[in-house]
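S.K.: What follows is the file upload.txt, containing compact mmCIF, C-alpha atoms:
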```txt
# COMPACT_ATOMS: atom_id res chain seq x y z
CA MET D 1 -121.42 -63.82 -11.38
CA HIS D 2 -121.25 -60.52 -9.50
CA ARG D 3 -120.67 -57.54 -11.81
CA THR D 4 -117.36 -56.60 -10.09
CA MET D 5 -116.00 -60.13 -10.64
CA ARG D 6 -116.17 -60.06 -14.43
CA VAL D 7 -112.90 -60.28 -16.37
CA SER D 8 -112.41 -59.30 -20.00
CA HIS D 9 -111.41 -61.90 -22.60
CA GLU D 10 -108.17 -59.98 -23.18
CA THR D 11 -107.17 -60.41 -19.53
CA ILE D 12 -107.93 -64.15 -19.72
CA TYR D 13 -105.81 -64.53 -22.84
CA LYS D 14 -102.93 -62.65 -21.25
CA SER D 15 -103.10 -64.92 -18.24
CA LEU D 16 -103.05 -68.03 -20.39
CA PHE D 17 -100.08 -66.85 -22.42
CA ILE D 18 -98.10 -65.96 -19.29
CA GLN D 19 -98.74 -69.44 -17.88
CA ALA D 20 -97.92 -70.98 -21.24
CA ARG D 21 -94.30 -70.05 -20.75
CA GLY D 22 -94.13 -72.78 -18.13
CA VAL D 23 -94.83 -76.54 -18.05
CA LEU D 24 -98.49 -76.21 -19.06
CA LYS D 25 -97.68 -74.75 -22.47
CA LYS D 26 -98.83 -77.64 -24.63
CA GLU D 27 -101.99 -78.28 -22.62
CA LEU D 28 -102.98 -74.61 -22.76
CA THR D 29 -102.03 -73.62 -26.28
CA ARG D 30 -103.87 -76.49 -27.94
CA HIS D 31 -107.11 -74.90 -26.73
CA LEU D 32 -106.26 -71.53 -28.33
CA ARG D 33 -107.53 -70.99 -31.85
CA SER D 34 -104.39 -69.22 -33.07
CA ARG D 35 -101.95 -71.76 -31.53
CA ARG D 36 -99.52 -68.86 -31.01
CA ILE D 37 -97.04 -69.12 -28.16
CA MET D 38 -96.94 -65.34 -27.63
CA ARG D 39 -99.77 -62.82 -27.91
CA ARG D 40 -99.74 -59.11 -28.71
CA SER D 41 -102.13 -56.88 -26.87
CA LYS D 42 -104.64 -55.08 -29.05
CA THR D 43 -103.29 -51.84 -27.63
CA ALA D 44 -99.67 -52.67 -28.43
CA SER D 45 -97.74 -50.49 -30.85
CA THR D 46 -97.64 -51.67 -34.46
CA THR D 47 -94.83 -49.39 -35.58
CA GLY D 48 -92.14 -52.06 -35.20
CA GLN D 49 -90.19 -49.89 -32.75
CA PRO D 50 -91.05 -50.04 -29.04
CA ARG D 51 -91.94 -46.65 -27.62
CA GLY D 52 -88.91 -44.89 -26.21
CA GLN D 53 -86.44 -47.39 -27.69
CA ILE D 54 -83.87 -46.39 -30.30
CA ILE D 55 -83.23 -49.06 -32.92
CA ASP D 56 -79.64 -50.29 -33.23
CA ALA D 57 -78.38 -47.89 -30.58
CA ILE D 58 -74.70 -48.52 -29.73
CA SER D 59 -74.16 -48.39 -25.98
CA ILE D 60 -71.65 -46.07 -24.36
CA GLN D 61 -70.16 -49.25 -22.91
CA GLU D 62 -68.77 -49.98 -26.38
CA ARG D 63 -67.14 -46.58 -26.72
CA PRO D 64 -63.35 -46.77 -27.27
CA ALA D 65 -61.09 -46.12 -24.28
CA GLU D 66 -59.54 -43.08 -25.97
CA VAL D 67 -62.93 -41.38 -25.79
CA GLU D 68 -63.40 -42.17 -22.12
CA ASP D 69 -60.02 -40.83 -20.99
CA ARG D 70 -60.13 -37.72 -23.23
CA ALA D 71 -56.78 -38.76 -24.74
CA VAL D 72 -57.41 -37.19 -28.14
CA PRO D 73 -59.70 -34.44 -29.44
CA GLY D 74 -62.66 -35.08 -31.71
CA HIS D 75 -65.08 -36.82 -29.38
CA TRP D 76 -68.21 -34.87 -28.51
CA GLU D 77 -71.24 -35.01 -26.24
CA GLY D 78 -74.66 -33.71 -27.25
CA ASP D 79 -78.06 -32.87 -25.82
CA LEU D 80 -81.08 -30.63 -26.27
CA LEU D 81 -81.47 -27.54 -24.09
CA SER D 82 -85.19 -27.00 -23.58
CA GLY D 83 -87.11 -23.73 -23.39
CA GLY D 84 -90.68 -22.54 -23.27
CA LYS D 85 -93.31 -23.19 -25.94
CA ASN D 86 -91.66 -26.54 -26.73
CA THR D 87 -88.53 -24.90 -28.16
CA HIS D 88 -85.02 -26.34 -28.07
CA ILE D 89 -81.37 -25.75 -28.88
CA ALA D 90 -78.95 -28.59 -29.61
CA THR D 91 -75.72 -28.31 -27.63
CA LEU D 92 -72.46 -29.99 -28.66
CA VAL D 93 -69.38 -30.11 -26.41
CA GLU D 94 -65.95 -31.49 -27.34
CA ARG D 95 -64.88 -33.69 -24.44
CA GLN D 96 -61.18 -32.84 -24.21
CA SER D 97 -61.34 -29.06 -24.66
CA ARG D 98 -64.97 -28.34 -23.62
CA PHE D 99 -65.31 -26.43 -26.91
CA VAL D 100 -68.99 -25.64 -27.57
CA ARG D 101 -71.16 -25.53 -30.67
CA LEU D 102 -74.81 -24.50 -30.44
CA VAL D 103 -77.30 -25.58 -33.07
CA ARG D 104 -80.65 -24.02 -33.90
CA VAL D 105 -83.32 -26.69 -34.42
CA ASP D 106 -86.83 -26.23 -35.81
CA GLY D 107 -88.32 -28.93 -33.59
CA LYS D 108 -87.56 -31.81 -31.25
CA ASP D 109 -88.48 -34.47 -33.79
CA SER D 110 -85.58 -36.56 -35.03
CA GLU D 111 -85.96 -35.37 -38.61
CA SER D 112 -85.39 -31.74 -37.59
CA VAL D 113 -82.64 -32.44 -35.07
CA VAL D 114 -80.58 -34.73 -37.29
CA LYS D 115 -80.86 -32.37 -40.26
CA ALA D 116 -79.63 -29.46 -38.14
CA LEU D 117 -76.79 -31.49 -36.59
CA VAL D 118 -75.58 -32.70 -39.98
CA ARG D 119 -75.50 -29.15 -41.27
CA GLN D 120 -73.52 -27.98 -38.23
CA VAL D 121 -71.02 -30.86 -38.26
CA GLN D 122 -70.30 -30.24 -41.92
CA ARG D 123 -69.17 -26.75 -40.94
CA LEU D 124 -66.42 -28.21 -38.75
CA SER D 125 -62.93 -28.91 -40.04
CA GLN D 126 -62.50 -32.35 -41.58
CA GLY D 127 -62.07 -35.00 -38.89
CA LEU D 128 -62.76 -32.68 -35.97
CA MET D 129 -65.71 -34.84 -34.89
CA ALA D 130 -65.10 -38.57 -34.73
CA SER D 131 -67.81 -39.58 -32.27
CA LEU D 132 -70.89 -38.19 -30.58
CA THR D 133 -72.34 -39.39 -27.28
CA TRP D 134 -76.04 -38.65 -26.70
CA ASP D 135 -78.63 -39.60 -24.12
CA ARG D 136 -81.60 -41.86 -24.85
CA GLY D 137 -83.84 -39.10 -26.19
CA MET D 138 -85.81 -40.04 -29.30
CA GLU D 139 -84.61 -36.86 -31.00
CA LEU D 140 -81.67 -38.94 -32.22
CA ALA D 141 -83.73 -41.93 -33.34
CA TYR D 142 -82.39 -41.29 -36.87
CA HIS D 143 -78.80 -41.62 -35.69
CA LYS D 144 -77.94 -43.82 -38.67
CA ARG D 145 -78.79 -41.00 -41.07
CA PHE D 146 -76.52 -38.73 -39.07
CA SER D 147 -73.62 -41.21 -39.16
CA VAL D 148 -73.96 -41.82 -42.90
CA ALA D 149 -73.96 -38.09 -43.65
CA THR D 150 -71.08 -37.17 -41.32
CA ASP D 151 -69.02 -40.36 -40.83
CA VAL D 152 -69.39 -39.82 -37.08
CA ASP D 153 -70.00 -42.75 -34.70
CA VAL D 154 -72.89 -42.26 -32.26
CA TYR D 155 -72.97 -43.78 -28.77
CA PHE D 156 -75.91 -43.68 -26.38
CA CYS D 157 -75.75 -43.28 -22.62
CA ASP D 158 -77.31 -45.78 -20.28
CA PRO D 159 -80.92 -44.91 -19.36
CA GLN D 160 -81.24 -42.12 -16.79
CA SER D 161 -77.47 -41.56 -16.64
CA PRO D 162 -76.87 -37.89 -17.57
CA TRP D 163 -73.58 -37.96 -15.65
CA GLN D 164 -72.15 -40.07 -18.50
CA ARG D 165 -72.09 -36.88 -20.56
CA GLY D 166 -70.87 -34.69 -17.73
CA SER D 167 -69.10 -32.10 -19.91
CA ASN D 168 -72.34 -31.45 -21.77
CA GLU D 169 -74.37 -31.25 -18.56
CA ASN D 170 -71.96 -28.72 -17.06
CA THR D 171 -72.03 -26.64 -20.23
CA ASN D 172 -75.82 -26.65 -20.29
CA GLY D 173 -75.68 -25.21 -16.79
CA LEU D 174 -73.46 -22.36 -18.01
CA LEU D 175 -75.79 -21.76 -20.94
CA ARG D 176 -78.66 -20.98 -18.59
CA GLN D 177 -76.96 -17.63 -18.01
CA TYR D 178 -77.91 -16.78 -21.58
CA PHE D 179 -81.05 -18.90 -22.11
CA LEU D 180 -83.31 -18.72 -19.08
CA LYS D 181 -85.58 -21.64 -18.23
CA GLY D 182 -88.99 -21.19 -19.77
CA SER D 183 -87.84 -18.65 -22.34
CA ASP D 184 -88.72 -19.04 -26.01
CA LEU D 185 -85.54 -20.35 -27.65
CA SER D 186 -86.92 -20.05 -31.17
CA VAL D 187 -86.29 -16.29 -31.16
CA HIS D 188 -82.53 -16.88 -31.35
CA SER D 189 -80.97 -17.11 -34.81
CA GLN D 190 -77.98 -19.32 -35.58
CA SER D 191 -75.86 -16.17 -35.53
CA ASP D 192 -77.09 -15.46 -31.99
CA LEU D 193 -76.14 -18.97 -30.93
CA ASP D 194 -72.72 -18.69 -32.54
CA ALA D 195 -72.11 -15.48 -30.56
CA VAL D 196 -72.97 -17.20 -27.26
CA ALA D 197 -70.78 -20.18 -28.13
CA LEU D 198 -67.91 -17.78 -28.85
CA ARG D 199 -68.28 -16.27 -25.39
CA LEU D 200 -67.99 -19.67 -23.75
CA ASN D 201 -65.13 -20.76 -25.99
CA THR D 202 -63.09 -17.69 -25.07
CA ARG D 203 -63.77 -17.91 -21.34
CA PRO D 204 -60.91 -19.41 -19.24
CA ARG D 205 -61.93 -22.61 -17.48
CA LYS D 206 -60.53 -23.92 -14.22
CA THR D 207 -60.76 -27.51 -15.44
CA LEU D 208 -58.47 -26.53 -18.35
CA GLY D 209 -55.83 -24.91 -16.14
CA PHE D 210 -57.49 -21.54 -16.82
CA GLN D 211 -56.97 -21.91 -20.55
CA THR D 212 -59.90 -21.25 -22.89
CA PRO D 213 -61.72 -24.06 -24.72
CA GLY D 214 -60.85 -22.45 -28.05
CA ALA D 215 -57.13 -22.30 -27.32
CA THR D 216 -57.13 -25.80 -25.84
CA LEU D 217 -58.79 -27.31 -28.90
CA ALA D 218 -56.49 -25.44 -31.29
CA LYS D 219 -53.43 -26.67 -29.43
CA ALA D 220 -54.67 -30.27 -29.38
CA VAL D 221 -55.48 -30.26 -33.09
CA ALA D 222 -52.07 -28.75 -33.92
CA LEU D 223 -50.34 -31.60 -32.09
CA ILE D 224 -52.02 -34.31 -34.13
CA THR D 225 -51.90 -32.67 -37.58
```
Starting from the file, give its structure as structure tokens.

M.R.:
Amino acid sequence: MHRTMRVSHETIYKSLFIQARGVLKKELTRHLRSRRIMRRSKTASTTGQPRGQIIDAISIQERPAEVEDRAVPGHWEGDLLSGGKNTHIATLVERQSRFVRLVRVDGKDSESVVKALVRQVQRLSQGLMASLTWDRGMELAYHKRFSVATDVDVYFCDPQSPWQRGSNENTNGLLRQYFLKGSDLSVHSQSDLDAVALRLNTRPRKTLGFQTPGATLAKAVALIT
């Protein structure tokens, strides 16, 4: 056989297993030593979690209607704002009031992000965060740990659908006035981030009838307490 016509044994096995899903299954599989109906590639992940897939993620499609229509306060959107040298800041935005919290994180790994988010949420008044909507980033792979520690439900956007957390996206755009693209975000302390959040929370917003996010949230909370 010509050298360019050679096929590896792995390719042959893959071909057989693909065909085995059809009518030739019995005839084909009886010639395979393992007798398995499906075959894992030798290069496949053995971690038990497919790359880029969050285990037990609850879809945004299952989010209660009261979250979607911004009827009550306490439902937030979150994301990571990226900077240079692989540095990040977690951004949290309350959907009804557009109130902002910024969170310093030590890294993008889920361990670091969840730990920082838990610490920040525990600083909020009791019951002020009932749900959190995030994108499909693996930084929230440990979402169950977050929910157990905070009693906050986590919902995940559909893949490649940043518009489903539009309030957070808009806020991230405003934050670029303070945190330029490519800048090292690790130089900012939590106190620095709190100061920036305060500026945004005391800035009148057109979408709020030129009220501030801080005043809007305070008014909403007063009505339900």

S.K.: Excluding Arg165 in chain D and its own-chain neighbours fewer than 5 positions away, which residues fall within 8 Å of it when counting all atoms listed in the file? Please give them as a list in words.

M.R.: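 Residues near the query, excluding close chain neighbours: Glu77, Gly78, Thr133, Trp134, Asp135 and Cys157 of chain D.
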
S.K.: Provide the CA of Thr212 in chain D to CA of Gly182 in chain D distance in Å, to one decimal place.

M.R.: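 For CA of Thr212 in chain D relative to CA of Gly182 in chain D, the distance reads 29.3 Å.
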
S.K.: Smallest atom-to-atom distance to Asp184 in chain D: which of D:Asn86, D:Gln96, D:Thr150, D:Ser167, using all atoms listed in the file?

M.R.: D:Asn86

S.K.: Expressed in Å to a single decimal, how great is the separation between CA of Gln190 in chain D and CA of Ser161 in chain D?

M.R.: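 Going from CA of Gln190 in chain D over to CA of Ser161 in chain D, I get 29.2 Å.
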
S.K.: Could you work out how far CA of Gln164 in chain D lies from CA of Gly214 in chain D, giving the answer in Å with one decimal?

M.R.: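 It comes out at 23.0 Å.
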
S.K.: D:Glu94, D:Asp151, D:Asp192, D:Glu68: which is nearest Asn168 in chain D, counting all atoms listed in the file?

M.R.: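 Of the candidates, the smallest distance to Asn168 in chain D is held by D:Glu94.
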
S.K.: Considering only C-alpha atoms, can you say which of D:Ser97, D:Leu185, D:Asp158, D:Phe146 comes closest to Pro73 in chain D?

M.R.: D:Ser97

S.K.: From the set D:Phe210, D:Trp163, D:Tyr178, D:Tyr142, which residue has the shortest atom-to-atom contact distance to Val196 in chain D, counting only C-alpha atoms?

M.R.: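 So, comparing all the options, the nearest one is D:Tyr178.
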
S.K.: Quick one: of D:Asp153, D:Asp106, D:Glu111, D:Glu139, who's nearest to Ile58 in chain D, counting only C-alpha atoms?

M.R.: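 Answer, going by the shortest atom-to-atom distance: D:Asp153.
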
S.K.: Could you tell me which of D:Ser189, D:Asn172, D:Arg98, D:Asp79 comes closest to Lys206 in chain D if we count all atoms listed in the file?

M.R.: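 When distances to Lys206 in chain D are compared using all atoms listed in the file, the smallest one comes from D:Arg98.
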
S.K.: Reconstruct N, CA and C atoms of range 137-152 of chain D; output as a PDB file, in the frame of the given file.

M.R.:
```pdb
ATOM      1  N   GLY D 137     -82.717 -39.843 -25.622  1.00  0.00           N
ATOM      2  CA  GLY D 137     -83.840 -39.100 -26.190  1.00  0.00           C
ATOM      3  C   GLY D 137     -84.126 -39.516 -27.620  1.00  0.00           C
ATOM      4  N   MET D 138     -85.405 -39.600 -27.965  1.00  0.00           N
ATOM      5  CA  MET D 138     -85.810 -40.040 -29.300  1.00  0.00           C
ATOM      6  C   MET D 138     -85.485 -39.011 -30.379  1.00  0.00           C
ATOM      7  N   GLU D 139     -85.001 -37.837 -29.988  1.00  0.00           N
ATOM      8  CA  GLU D 139     -84.610 -36.860 -31.000  1.00  0.00           C
ATOM      9  C   GLU D 139     -83.441 -37.340 -31.859  1.00  0.00           C
ATOM     10  N   LEU D 140     -82.745 -38.382 -31.413  1.00  0.00           N
ATOM     11  CA  LEU D 140     -81.670 -38.940 -32.220  1.00  0.00           C
ATOM     12  C   LEU D 140     -82.012 -40.363 -32.684  1.00  0.00           C
ATOM     13  N   ALA D 141     -83.297 -40.620 -32.848  1.00  0.00           N
ATOM     14  CA  ALA D 141     -83.730 -41.930 -33.340  1.00  0.00           C
ATOM     15  C   ALA D 141     -83.160 -42.204 -34.730  1.00  0.00           C
ATOM     16  N   TYR D 142     -82.947 -41.142 -35.521  1.00  0.00           N
ATOM     17  CA  TYR D 142     -82.390 -41.290 -36.870  1.00  0.00           C
ATOM     18  C   TYR D 142     -80.871 -41.165 -36.857  1.00  0.00           C
ATOM     19  N   HIS D 143     -80.252 -41.733 -35.844  1.00  0.00           N
ATOM     20  CA  HIS D 143     -78.800 -41.620 -35.690  1.00  0.00           C
ATOM     21  C   HIS D 143     -78.044 -42.221 -36.871  1.00  0.00           C
ATOM     22  N   LYS D 144     -78.628 -43.215 -37.523  1.00  0.00           N
ATOM     23  CA  LYS D 144     -77.940 -43.820 -38.670  1.00  0.00           C
ATOM     24  C   LYS D 144     -77.822 -42.825 -39.823  1.00  0.00           C
ATOM     25  N   ARG D 145     -78.851 -42.031 -40.029  1.00  0.00           N
ATOM     26  CA  ARG D 145     -78.790 -41.000 -41.070  1.00  0.00           C
ATOM     27  C   ARG D 145     -77.655 -40.021 -40.758  1.00  0.00           C
ATOM     28  N   PHE D 146     -77.562 -39.651 -39.491  1.00  0.00           N
ATOM     29  CA  PHE D 146     -76.520 -38.730 -39.070  1.00  0.00           C
ATOM     30  C   PHE D 146     -75.137 -39.311 -39.343  1.00  0.00           C
ATOM     31  N   SER D 147     -74.931 -40.571 -38.986  1.00  0.00           N
ATOM     32  CA  SER D 147     -73.620 -41.210 -39.160  1.00  0.00           C
ATOM     33  C   SER D 147     -73.254 -41.341 -40.637  1.00  0.00           C
ATOM     34  N   VAL D 148     -74.224 -41.682 -41.463  1.00  0.00           N
ATOM     35  CA  VAL D 148     -73.960 -41.820 -42.900  1.00  0.00           C
ATOM     36  C   VAL D 148     -73.550 -40.482 -43.498  1.00  0.00           C
ATOM     37  N   ALA D 149     -74.213 -39.415 -43.080  1.00  0.00           N
ATOM     38  CA  ALA D 149     -73.960 -38.090 -43.650  1.00  0.00           C
ATOM     39  C   ALA D 149     -72.668 -37.464 -43.143  1.00  0.00           C
ATOM     40  N   THR D 150     -72.222 -37.850 -41.943  1.00  0.00           N
ATOM     41  CA  THR D 150     -71.080 -37.170 -41.320  1.00  0.00           C
ATOM     42  C   THR D 150     -69.881 -38.075 -41.062  1.00  0.00           C
ATOM     43  N   ASP D 151     -70.071 -39.394 -41.171  1.00  0.00           N
ATOM     44  CA  ASP D 151     -69.020 -40.360 -40.830  1.00  0.00           C
ATOM     45  C   ASP D 151     -68.622 -40.248 -39.365  1.00  0.00           C
ATOM     46  N   VAL D 152     -69.602 -39.951 -38.519  1.00  0.00           N
ATOM     47  CA  VAL D 152     -69.390 -39.820 -37.080  1.00  0.00           C
ATOM     48  C   VAL D 152     -70.112 -40.958 -36.355  1.00  0.00           C
TER      49      VAL D 152
END
```
